[in-house]
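Chemist: The following file, entry_37.pdb, comprises PDB, C-alpha atoms:
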```
ATOM      1  CA  MET A1240      95.575 -43.394 -41.440  1.00  0.00           C
ATOM      2  CA  LYS A1241      95.056 -39.649 -41.509  1.00  0.00           C
ATOM      3  CA  ARG A1242      91.723 -38.252 -40.389  1.00  0.00           C
ATOM      4  CA  ASN A1243      89.918 -36.023 -42.904  1.00  0.00           C
ATOM      5  CA  VAL A1244      89.098 -32.839 -40.941  1.00  0.00           C
ATOM      6  CA  GLN A1245      87.769 -30.849 -43.899  1.00  0.00           C
ATOM      7  CA  PRO A1246      84.073 -31.768 -43.396  1.00  0.00           C
ATOM      8  CA  ALA A1247      84.265 -30.784 -39.729  1.00  0.00           C
ATOM      9  CA  ILE A1248      85.775 -27.409 -40.616  1.00  0.00           C
ATOM     10  CA  LEU A1249      83.142 -26.784 -43.276  1.00  0.00           C
ATOM     11  CA  HIS A1250      80.409 -27.719 -40.817  1.00  0.00           C
ATOM     12  CA  ARG A1251      81.727 -25.231 -38.270  1.00  0.00           C
ATOM     13  CA  LEU A1252      81.946 -22.483 -40.897  1.00  0.00           C
ATOM     14  CA  LEU A1253      78.349 -23.146 -41.928  1.00  0.00           C
ATOM     15  CA  LEU A1254      77.175 -22.874 -38.321  1.00  0.00           C
ATOM     16  CA  LEU A1255      79.078 -19.604 -37.950  1.00  0.00           C
ATOM     17  CA  VAL A1256      77.424 -18.157 -41.058  1.00  0.00           C
ATOM     18  CA  LEU A1257      73.971 -19.169 -39.805  1.00  0.00           C
ATOM     19  CA  LEU A1258      74.642 -17.531 -36.451  1.00  0.00           C
ATOM     20  CA  LEU A1259      75.817 -14.292 -38.056  1.00  0.00           C
ATOM     21  CA  LEU A1260      72.951 -13.932 -40.542  1.00  0.00           C
ATOM     22  CA  PRO A1261      70.433 -12.479 -38.005  1.00  0.00           C
ATOM     23  CA  LEU A1262      73.053  -9.990 -36.808  1.00  0.00           C
ATOM     24  CA  ALA A1263      73.760  -8.898 -40.363  1.00  0.00           C
ATOM     25  CA  ALA A1264      70.038  -8.470 -41.046  1.00  0.00           C
ATOM     26  CA  THR A1265      69.639  -6.341 -37.911  1.00  0.00           C
ATOM     27  CA  ALA A1266      72.580  -4.153 -38.871  1.00  0.00           C
ATOM     28  CA  THR A1267      71.172  -3.668 -42.371  1.00  0.00           C
ATOM     29  CA  ALA A1268      67.768  -2.724 -40.939  1.00  0.00           C
ATOM     30  CA  GLN A1269      69.274  -0.154 -38.612  1.00  0.00           C
ATOM     31  CA  GLN A1270      71.331   1.322 -41.463  1.00  0.00           C
ATOM     32  CA  GLY A1271      68.137   1.560 -43.506  1.00  0.00           C
ATOM     33  CA  CYS A1272      66.653   3.846 -40.826  1.00  0.00           C
ATOM     34  CA  GLU A1273      69.783   5.867 -40.134  1.00  0.00           C
ATOM     35  CA  ASN A1274      68.156   9.134 -41.278  1.00  0.00           C
ATOM     36  CA  ILE A1275      64.859   8.540 -39.485  1.00  0.00           C
ATOM     37  CA  GLU A1276      66.223   7.216 -36.216  1.00  0.00           C
ATOM     38  CA  PRO A1277      67.673  10.556 -34.965  1.00  0.00           C
ATOM     39  CA  LEU A1278      64.284  12.215 -35.521  1.00  0.00           C
ATOM     40  CA  LEU A1279      62.412   9.640 -33.448  1.00  0.00           C
ATOM     41  CA  ARG A1280      65.182   9.466 -30.844  1.00  0.00           C
ATOM     42  CA  ALA A1281      64.763  13.211 -30.314  1.00  0.00           C
ATOM     43  CA  LEU A1282      61.233  12.635 -29.063  1.00  0.00           C
ATOM     44  CA  PRO A1283      60.829  12.558 -25.262  1.00  0.00           C
ATOM     45  CA  ALA A1284      61.283   9.188 -23.563  1.00  0.00           C
ATOM     46  CA  THR A1285      58.389   9.994 -21.233  1.00  0.00           C
ATOM     47  CA  HIS A1286      55.497  12.427 -21.338  1.00  0.00           C
ATOM     48  CA  GLY A1287      53.016  12.608 -18.489  1.00  0.00           C
ATOM     49  CA  THR A1288      51.725   9.076 -17.962  1.00  0.00           C
ATOM     50  CA  PHE A1289      53.265   7.846 -21.250  1.00  0.00           C
ATOM     51  CA  THR A1290      56.521   5.933 -21.647  1.00  0.00           C
ATOM     52  CA  ALA A1291      58.168   5.364 -25.041  1.00  0.00           C
ATOM     53  CA  ASP A1292      59.787   2.194 -26.279  1.00  0.00           C
ATOM     54  CA  ALA A1293      63.130   2.047 -28.121  1.00  0.00           C
ATOM     55  CA  GLY A1294      61.514   2.107 -31.550  1.00  0.00           C
ATOM     56  CA  HIS A1295      61.418  -0.383 -34.396  1.00  0.00           C
ATOM     57  CA  CYS A1296      62.990  -0.169 -37.884  1.00  0.00           C
ATOM     58  CA  TYR A1297      61.104  -1.899 -40.711  1.00  0.00           C
ATOM     59  CA  GLY A1298      64.192  -2.322 -42.903  1.00  0.00           C
ATOM     60  CA  ASP A1299      64.460   0.850 -44.973  1.00  0.00           C
ATOM     61  CA  GLU A1300      62.960   4.299 -45.481  1.00  0.00           C
ATOM     62  CA  TYR A1301      60.156   2.934 -47.677  1.00  0.00           C
ATOM     63  CA  LEU A1302      58.528   1.405 -44.591  1.00  0.00           C
ATOM     64  CA  GLY A1303      60.535   3.502 -42.138  1.00  0.00           C
ATOM     65  CA  MET A1304      60.516   3.337 -38.369  1.00  0.00           C
ATOM     66  CA  SER A1305      58.021   3.598 -35.527  1.00  0.00           C
ATOM     67  CA  ARG A1306      58.018   4.401 -31.836  1.00  0.00           C
ATOM     68  CA  ASN A1307      55.260   3.515 -29.355  1.00  0.00           C
ATOM     69  CA  TYR A1308      54.127   5.437 -26.281  1.00  0.00           C
ATOM     70  CA  ASN A1309      52.234   3.339 -23.752  1.00  0.00           C
ATOM     71  CA  GLY A1310      50.048   5.081 -21.174  1.00  0.00           C
ATOM     72  CA  SER A1311      49.229   3.852 -17.701  1.00  0.00           C
ATOM     73  CA  ASP A1312      45.506   3.935 -18.572  1.00  0.00           C
ATOM     74  CA  GLY A1313      45.828   1.497 -21.498  1.00  0.00           C
ATOM     75  CA  THR A1314      46.281   4.150 -24.187  1.00  0.00           C
ATOM     76  CA  ARG A1315      48.854   3.554 -26.906  1.00  0.00           C
ATOM     77  CA  VAL A1316      50.227   6.252 -29.212  1.00  0.00           C
ATOM     78  CA  SER A1317      52.259   4.997 -32.164  1.00  0.00           C
ATOM     79  CA  ILE A1318      54.196   7.360 -34.424  1.00  0.00           C
ATOM     80  CA  TYR A1319      55.684   6.325 -37.764  1.00  0.00           C
ATOM     81  CA  LEU A1320      58.020   8.039 -40.231  1.00  0.00           C
ATOM     82  CA  TYR A1321      58.496   6.603 -43.742  1.00  0.00           C
ATOM     83  CA  ASN A1322      58.551   7.707 -47.385  1.00  0.00           C
ATOM     84  CA  LEU A1323      56.988   4.930 -49.549  1.00  0.00           C
ATOM     85  CA  GLY A1324      59.887   5.475 -51.958  1.00  0.00           C
ATOM     86  CA  ALA A1325      59.131   9.164 -52.598  1.00  0.00           C
ATOM     87  CA  GLU A1326      62.073  11.572 -52.869  1.00  0.00           C
ATOM     88  CA  LYS A1327      60.099  14.692 -51.941  1.00  0.00           C
ATOM     89  CA  ILE A1328      57.247  14.904 -49.441  1.00  0.00           C
ATOM     90  CA  PRO A1329      56.121  18.444 -48.600  1.00  0.00           C
ATOM     91  CA  ASP A1330      54.684  19.277 -45.205  1.00  0.00           C
ATOM     92  CA  GLY A1331      50.924  18.952 -45.021  1.00  0.00           C
ATOM     93  CA  VAL A1332      48.319  16.811 -46.746  1.00  0.00           C
ATOM     94  CA  ASP A1333      48.435  17.916 -50.394  1.00  0.00           C
ATOM     95  CA  SER A1334      50.914  15.396 -51.815  1.00  0.00           C
ATOM     96  CA  GLU A1335      49.960  12.164 -53.549  1.00  0.00           C
ATOM     97  CA  THR A1336      52.293  10.265 -51.236  1.00  0.00           C
ATOM     98  CA  VAL A1337      50.485  11.456 -48.114  1.00  0.00           C
ATOM     99  CA  ARG A1338      47.073  10.694 -49.595  1.00  0.00           C
ATOM    100  CA  LEU A1339      48.289   7.242 -50.612  1.00  0.00           C
ATOM    101  CA  ALA A1340      49.726   6.626 -47.130  1.00  0.00           C
ATOM    102  CA  TYR A1341      46.406   7.659 -45.578  1.00  0.00           C
ATOM    103  CA  THR A1342      44.450   5.276 -47.829  1.00  0.00           C
ATOM    104  CA  MET A1343      46.889   2.445 -47.131  1.00  0.00           C
ATOM    105  CA  ALA A1344      46.673   3.018 -43.370  1.00  0.00           C
ATOM    106  CA  ILE A1345      42.866   2.847 -43.436  1.00  0.00           C
ATOM    107  CA  ASP A1346      43.014  -0.283 -45.594  1.00  0.00           C
ATOM    108  CA  ASP A1347      45.359  -1.874 -43.050  1.00  0.00           C
ATOM    109  CA  ILE A1348      42.826  -1.307 -40.284  1.00  0.00           C
ATOM    110  CA  ARG A1349      39.998  -2.647 -42.450  1.00  0.00           C
ATOM    111  CA  SER A1350      42.070  -5.744 -43.226  1.00  0.00           C
ATOM    112  CA  PHE A1351      42.182  -6.560 -39.503  1.00  0.00           C
ATOM    113  CA  ALA A1352      38.379  -6.595 -39.505  1.00  0.00           C
ATOM    114  CA  GLU A1353      38.256  -8.713 -42.670  1.00  0.00           C
ATOM    115  CA  ALA A1354      40.645 -11.182 -41.027  1.00  0.00           C
ATOM    116  CA  GLY A1355      38.420 -11.374 -37.933  1.00  0.00           C
ATOM    117  CA  ARG A1356      40.922  -9.729 -35.589  1.00  0.00           C
ATOM    118  CA  TYR A1357      38.716  -6.627 -35.173  1.00  0.00           C
ATOM    119  CA  LEU A1358      34.998  -7.011 -34.485  1.00  0.00           C
ATOM    120  CA  ASP A1359      32.204  -4.486 -35.180  1.00  0.00           C
ATOM    121  CA  LEU A1360      34.560  -2.000 -36.876  1.00  0.00           C
ATOM    122  CA  LYS A1361      32.991   1.431 -37.416  1.00  0.00           C
ATOM    123  CA  GLU A1362      34.793   4.388 -38.982  1.00  0.00           C
ATOM    124  CA  GLU A1363      34.428   8.051 -39.793  1.00  0.00           C
ATOM    125  CA  SER A1364      36.814  10.363 -41.658  1.00  0.00           C
ATOM    126  CA  GLY A1365      37.572  14.042 -41.267  1.00  0.00           C
ATOM    127  CA  THR A1366      40.371  16.570 -40.994  1.00  0.00           C
ATOM    128  CA  SER A1367      42.145  17.638 -37.828  1.00  0.00           C
ATOM    129  CA  GLU A1368      45.036  19.971 -37.132  1.00  0.00           C
ATOM    130  CA  TYR A1369      47.852  20.018 -34.606  1.00  0.00           C
ATOM    131  CA  PHE A1370      49.999  23.066 -33.980  1.00  0.00           C
ATOM    132  CA  ARG A1371      53.623  22.393 -34.740  1.00  0.00           C
ATOM    133  CA  ASN A1372      54.762  24.419 -31.731  1.00  0.00           C
ATOM    134  CA  ALA A1373      53.449  26.284 -28.718  1.00  0.00           C
ATOM    135  CA  ASP A1374      53.149  29.552 -30.676  1.00  0.00           C
ATOM    136  CA  LYS A1375      49.532  29.456 -31.823  1.00  0.00           C
ATOM    137  CA  GLU A1376      50.088  32.384 -34.178  1.00  0.00           C
ATOM    138  CA  LYS A1377      52.069  30.117 -36.512  1.00  0.00           C
ATOM    139  CA  THR A1378      50.399  28.034 -39.207  1.00  0.00           C
ATOM    140  CA  PRO A1379      49.133  24.688 -37.893  1.00  0.00           C
ATOM    141  CA  LEU A1380      50.072  21.460 -39.637  1.00  0.00           C
ATOM    142  CA  PRO A1381      46.979  19.704 -41.063  1.00  0.00           C
ATOM    143  CA  PHE A1382      46.547  15.939 -40.820  1.00  0.00           C
ATOM    144  CA  LEU A1383      44.198  13.638 -42.729  1.00  0.00           C
ATOM    145  CA  SER A1384      42.340  11.889 -39.931  1.00  0.00           C
ATOM    146  CA  ALA A1385      39.933   9.044 -39.293  1.00  0.00           C
ATOM    147  CA  ARG A1386      38.290   7.653 -36.183  1.00  0.00           C
ATOM    148  CA  PHE A1387      37.400   4.022 -35.523  1.00  0.00           C
ATOM    149  CA  THR A1388      35.647   1.982 -32.865  1.00  0.00           C
ATOM    150  CA  PHE A1389      36.044  -1.790 -32.635  1.00  0.00           C
ATOM    151  CA  ARG A1390      36.514  -4.752 -30.336  1.00  0.00           C
ATOM    152  CA  ILE A1391      39.567  -6.995 -30.475  1.00  0.00           C
ATOM    153  CA  ALA A1392      38.617 -10.619 -31.054  1.00  0.00           C
ATOM    154  CA  SER A1393      40.929 -11.824 -28.306  1.00  0.00           C
ATOM    155  CA  SER A1394      39.277  -9.491 -25.737  1.00  0.00           C
ATOM    156  CA  PRO A1395      35.794  -8.785 -27.125  1.00  0.00           C
ATOM    157  CA  ASP A1396      34.345  -7.304 -23.936  1.00  0.00           C
ATOM    158  CA  ILE A1397      36.317  -4.061 -24.362  1.00  0.00           C
ATOM    159  CA  VAL A1398      35.280  -1.482 -26.968  1.00  0.00           C
ATOM    160  CA  ARG A1399      38.285   0.480 -28.214  1.00  0.00           C
ATOM    161  CA  VAL A1400      38.544   3.839 -29.930  1.00  0.00           C
ATOM    162  CA  SER A1401      41.356   4.519 -32.383  1.00  0.00           C
ATOM    163  CA  THR A1402      42.247   7.670 -34.282  1.00  0.00           C
ATOM    164  CA  LEU A1403      44.539   7.851 -37.293  1.00  0.00           C
ATOM    165  CA  HIS A1404      46.414  10.993 -38.372  1.00  0.00           C
ATOM    166  CA  VAL A1405      48.610  11.286 -41.493  1.00  0.00           C
ATOM    167  CA  SER A1406      50.570  14.248 -42.844  1.00  0.00           C
ATOM    168  CA  GLY A1407      53.844  15.181 -44.505  1.00  0.00           C
ATOM    169  CA  LEU A1408      56.612  16.316 -42.144  1.00  0.00           C
ATOM    170  CA  LYS A1409      60.401  16.617 -42.521  1.00  0.00           C
ATOM    171  CA  ASN A1410      60.248  15.028 -46.002  1.00  0.00           C
ATOM    172  CA  TYR A1411      58.535  11.930 -44.589  1.00  0.00           C
ATOM    173  CA  VAL A1412      55.033  10.636 -44.119  1.00  0.00           C
ATOM    174  CA  CYS A1413      54.201  11.144 -40.471  1.00  0.00           C
ATOM    175  CA  LYS A1414      51.527   8.722 -39.295  1.00  0.00           C
ATOM    176  CA  ILE A1415      50.189   8.755 -35.759  1.00  0.00           C
ATOM    177  CA  ARG A1416      47.723   6.250 -34.385  1.00  0.00           C
ATOM    178  CA  VAL A1417      46.138   6.584 -30.953  1.00  0.00           C
ATOM    179  CA  THR A1418      44.140   3.699 -29.421  1.00  0.00           C
ATOM    180  CA  TRP A1419      42.437   3.559 -26.025  1.00  0.00           C
ATOM    181  CA  PRO A1420      39.588   1.769 -24.188  1.00  0.00           C
ATOM    182  CA  GLU A1421      36.291   3.559 -24.810  1.00  0.00           C
ATOM    183  CA  THR A1422      35.607   3.766 -21.066  1.00  0.00           C
ATOM    184  CA  GLY A1423      39.114   5.084 -20.298  1.00  0.00           C
ATOM    185  CA  GLY A1424      41.742   7.334 -21.773  1.00  0.00           C
ATOM    186  CA  ASN A1425      42.393  10.996 -21.110  1.00  0.00           C
ATOM    187  CA  PRO A1426      41.772  13.191 -24.187  1.00  0.00           C
ATOM    188  CA  GLN A1427      43.733  16.090 -22.718  1.00  0.00           C
ATOM    189  CA  ASN A1428      46.815  13.923 -22.071  1.00  0.00           C
ATOM    190  CA  MET A1429      46.597  12.444 -25.554  1.00  0.00           C
ATOM    191  CA  ALA A1430      46.272  15.850 -27.214  1.00  0.00           C
ATOM    192  CA  GLN A1431      49.235  17.193 -25.251  1.00  0.00           C
ATOM    193  CA  LEU A1432      51.410  14.239 -26.258  1.00  0.00           C
ATOM    194  CA  LEU A1433      50.473  14.525 -29.938  1.00  0.00           C
ATOM    195  CA  GLY A1434      51.187  18.247 -29.880  1.00  0.00           C
ATOM    196  CA  THR A1435      54.604  17.609 -28.298  1.00  0.00           C
ATOM    197  CA  LEU A1436      55.476  14.938 -30.865  1.00  0.00           C
ATOM    198  CA  VAL A1437      54.614  17.134 -33.849  1.00  0.00           C
ATOM    199  CA  GLU A1438      56.299  20.166 -32.293  1.00  0.00           C
ATOM    200  CA  THR A1439      59.509  18.240 -31.605  1.00  0.00           C
ATOM    201  CA  LEU A1440      59.660  16.689 -35.079  1.00  0.00           C
ATOM    202  CA  SER A1441      59.061  20.015 -36.837  1.00  0.00           C
ATOM    203  CA  ARG A1442      62.044  21.755 -35.199  1.00  0.00           C
TER     204      ARG A1442
END
```
Represent the structure from my file as structure tokens, please.
Modeler:
Amino acid sequence: MKRNVQPAILHRLLLLVLLLLPLAATATAQQGCENIEPLLRALPATHGTFTADAGHCYGDEYLGMSRNYNGSDGTRVSIYLYNLGAEKIPDGVDSETVRLAYTMAIDDIRSFAEAGRYLDLKEESGTSEYFRNADKEKTPLPFLSARFTFRIASSPDIVRVSTLHVSGLKNYVCKIRVTWPETGGNPQNMAQLLGTLVETLSR
């Protein structure tokens, strides 16, 4: 009596497909960030006490890609590039896309407080500017900015400060978030890193 091997073959093919699905998803995600990735890869791998990670793609240009810089003093600087589906995003803060991105970013932070992950959230908004290069005679690039203080529910003894900066740059929304312990952090080091990031991206 002949053995029917067809079910075994089909079972093996199904296992192979399941194993390859995560790889295919990763490849698609990386392809979705293929225009953004070179911009973030051009940023320095280290800067002073900060070390950058490899970056993370969120699937396509709508959500874009981020890269984190972790400082030895507990400071984290996260930079994001994305377009929210817009075809044209001028430099600066005057486009609807940038204003929408700014509002969405603030809402994201508020949602952490509503979910109980941030405690005692306090915020203030304003406008800040970072020069796009070392030549201070050139026009600075404005950012919509906000500042927050809060405690993380999982470590409530530490008060943290976080600043948010959003602008248009290189036809993308450029969002930078800086977070550090209130009793630590080096404002000069943070300002130098942010200036380097914006300068490098604007080349």
Chemist: I'd like to know which of A:Gly1365, A:Gly1355, A:Gly1434, A:Pro1420 is closest to A:Gly1313, using all atoms listed in the file.
Modeler: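 Among the listed residues, A:Pro1420 lies closest to A:Gly1313.
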Chemist: Enter the distance from atom CA of A:Leu1339 to atom CA of A:Ala1291, in Å, rounded to one decimal.
Modeler: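 Separation between atom CA of A:Leu1339 and atom CA of A:Ala1291: 27.5 Å.
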Chemist: Can you measure atom CA of A:Asp1330 to atom CA of A:Tyr1297 for me? One decimal in Å is fine.
Modeler: 22.6 Å
Chemist: Which residues fall under the PyMOL selection byres ((chain A and resi 1418) around 7) in this file, as a VMD selection string?
Modeler: chain A and resid 1314 to 1316 1399 to 1402 1416 to 1417 1419
Chemist: Can you write just those residues out, C-alpha atoms, as a CSV table (one decimal), in the frame of the given file?
Modeler:
```csv
chain,number,residue,atom,x,y,z
A,1314,THR,CA,46.3,4.2,-24.2
A,1315,ARG,CA,48.9,3.6,-26.9
A,1316,VAL,CA,50.2,6.3,-29.2
A,1399,ARG,CA,38.3,0.5,-28.2
A,1400,VAL,CA,38.5,3.8,-29.9
A,1401,SER,CA,41.4,4.5,-32.4
A,1402,THR,CA,42.2,7.7,-34.3
A,1416,ARG,CA,47.7,6.2,-34.4
A,1417,VAL,CA,46.1,6.6,-31.0
A,1419,TRP,CA,42.4,3.6,-26.0
```
Chemist: Residues at most 9 Å from A:Ala1340, counting only C-alpha atoms, excluding those fewer than 2 positions away in the same chain, as a list in words?
Modeler: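 Surrounding residues, per the criterion: Asn1322, Leu1323, Glu1335, Thr1336, Val1337, Arg1338, Thr1342, Met1343, Ala1344, Ile1345, Val1405, Ser1406, Val1412 and Lys1414 of chain A.
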Chemist: Quick one: distance from atom CA of A:Tyr1319 to atom CA of A:Ser1393 in Å, one decimal?
Modeler: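 So the two atoms, atom CA of A:Tyr1319 and atom CA of A:Ser1393, lie 25.2 Å apart.
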Chemist: Name every residue that the PyMOL selection byres ((chain A and resi 1283) around 10) selects in this structure, writing the answer as a PyMOL selection string with chains first and numbers rising.
Modeler: chain A and resi 1279-1282+1284-1286+1289-1291+1308+1432+1435-1436+1439
Chemist: Got a sec to resolve the PyMOL selection byres ((chain A and resi 1305) around 8) on this structure and send the residues as a list in words?
Modeler: Leu1279, Gly1294, His1295, Cys1296, Gly1303, Met1304, Arg1306, Asn1307, Ser1317, Ile1318, Tyr1319 and Leu1320 of chain A
Chemist: Around all the atoms of stretch 1315-1327 of chain A listed in the file, with 4 Å of room on each side, what axis-aligned box do you get, giving centre and edge lengths in Å to one decimal, as lines of an AutoDock Vina configuration file?
Modeler:
```
center_x = 55.5
center_y = 9.1
center_z = -39.9
size_x = 21.2
size_y = 19.1
size_z = 34.0
```
Chemist: I'd like to know which of A:Pro1277, A:Gly1310, A:Gly1324, A:Gly1331 is closest to A:Cys1413, using only C-alpha atoms.
Modeler: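 That would be A:Gly1331, the residue with the smallest distance to A:Cys1413.
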Chemist: Any idea what's packed within 7 Å of A:Glu1362, counting only C-alpha atoms, ignoring anything in its chain fewer than 3 positions away? Could you give it as a PDB file with C-alpha atoms, in the frame of the given file?
Modeler:
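The result, stored in out09.pdb:
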```
ATOM      1  CA  ALA A1385      39.933   9.044 -39.293  1.00  0.00           C
ATOM      2  CA  ARG A1386      38.290   7.653 -36.183  1.00  0.00           C
ATOM      3  CA  PHE A1387      37.400   4.022 -35.523  1.00  0.00           C
ATOM      4  CA  THR A1388      35.647   1.982 -32.865  1.00  0.00           C
TER       5      THR A1388
END
```
Chemist: Under the rule that all atoms listed in the file are counted, which of A:Ser1441, A:Thr1366, A:Ser1311, A:Ser1394 is the nearest residue to A:Tyr1411?
Modeler: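 Result for the nearest residue to A:Tyr1411: A:Ser1441.
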Chemist: Could you tell me which of A:Leu1383, A:Met1429, A:Leu1408, A:Leu1403 comes closest to A:Asp1347 if we count all atoms listed in the file?
Modeler: A:Leu1403
Chemist: When you look at A:Tyr1369 with a cut-off of 7 Å (counting all atoms listed in the file), what residues show up, excluding the ones that are within fewer than 4 positions of it in the same chain? I need them as a compact mmCIF listing (two decimals) with C-alpha atoms, in the frame of the given file.
Modeler:
```
# COMPACT_ATOMS: atom_id res chain seq x y z
CA PRO A 1379 49.13 24.69 -37.89
CA LEU A 1380 50.07 21.46 -39.64
CA PRO A 1381 46.98 19.70 -41.06
CA GLY A 1434 51.19 18.25 -29.88
```
Chemist: Could you check the closest approach to A:Lys1361 for each of A:Leu1433, A:Pro1395, A:Pro1426, A:Phe1389 and tell me which residue wins, using all atoms listed in the file?
Modeler: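 Counting all atoms listed in the file, the residue closest to A:Lys1361 is A:Phe1389.
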Chemist: Which of these residues is nearest to A:His1404, using all atoms listed in the file: A:Glu1438, A:Asp1359, A:Glu1368, A:Asp1299?
Modeler: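 So, comparing all the options, the nearest one is A:Glu1368.
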Chemist: Complete the atom set of stretch 1279-1293 of chain A to N, CA and C atoms and return it as a JSON list (two decimals), in the frame of the given file.
Modeler:
```
[["chain", "number", "residue", "atom", "x", "y", "z"],
["A", 1279, "LEU", "N", 63.25, 10.29, -34.46],
["A", 1279, "LEU", "CA", 62.41, 9.64, -33.45],
["A", 1279, "LEU", "C", 63.11, 9.57, -32.10],
["A", 1280, "ARG", "N", 64.44, 9.48, -32.11],
["A", 1280, "ARG", "CA", 65.18, 9.47, -30.84],
["A", 1280, "ARG", "C", 65.11, 10.82, -30.13],
["A", 1281, "ALA", "N", 64.86, 11.87, -30.91],
["A", 1281, "ALA", "CA", 64.76, 13.21, -30.31],
["A", 1281, "ALA", "C", 63.46, 13.43, -29.56],
["A", 1282, "LEU", "N", 62.50, 12.53, -29.77],
["A", 1282, "LEU", "CA", 61.23, 12.64, -29.06],
["A", 1282, "LEU", "C", 61.44, 12.27, -27.59],
["A", 1283, "PRO", "N", 60.62, 12.84, -26.70],
["A", 1283, "PRO", "CA", 60.83, 12.56, -25.26],
["A", 1283, "PRO", "C", 60.62, 11.09, -24.93],
["A", 1284, "ALA", "N", 61.41, 10.58, -24.00],
["A", 1284, "ALA", "CA", 61.28, 9.19, -23.56],
["A", 1284, "ALA", "C", 60.03, 8.99, -22.72],
["A", 1285, "THR", "N", 59.62, 10.03, -22.02],
["A", 1285, "THR", "CA", 58.39, 9.99, -21.23],
["A", 1285, "THR", "C", 57.63, 11.30, -21.44],
["A", 1286, "HIS", "N", 56.33, 11.22, -21.25],
["A", 1286, "HIS", "CA", 55.50, 12.43, -21.34],
["A", 1286, "HIS", "C", 54.25, 12.18, -20.50],
["A", 1287, "GLY", "N", 54.15, 12.85, -19.38],
["A", 1287, "GLY", "CA", 53.02, 12.61, -18.49],
["A", 1287, "GLY", "C", 52.98, 11.15, -18.05],
["A", 1288, "THR", "N", 51.87, 10.49, -18.34],
["A", 1288, "THR", "CA", 51.72, 9.08, -17.96],
["A", 1288, "THR", "C", 52.22, 8.13, -19.06],
["A", 1289, "PHE", "N", 52.82, 8.67, -20.12],
["A", 1289, "PHE", "CA", 53.26, 7.85, -21.25],
["A", 1289, "PHE", "C", 54.76, 7.56, -21.18],
["A", 1290, "THR", "N", 55.12, 6.34, -21.56],
["A", 1290, "THR", "CA", 56.52, 5.93, -21.65],
["A", 1290, "THR", "C", 56.78, 5.36, -23.03],
["A", 1291, "ALA", "N", 57.86, 5.79, -23.68],
["A", 1291, "ALA", "CA", 58.17, 5.36, -25.04],
["A", 1291, "ALA", "C", 59.05, 4.12, -25.05],
["A", 1292, "ASP", "N", 58.89, 3.32, -26.10],
["A", 1292, "ASP", "CA", 59.79, 2.19, -26.28],
["A", 1292, "ASP", "C", 61.00, 2.65, -27.08],
["A", 1293, "ALA", "N", 61.88, 1.70, -27.43],
["A", 1293, "ALA", "CA", 63.13, 2.05, -28.12],
["A", 1293, "ALA", "C", 62.92, 2.31, -29.61]]
```
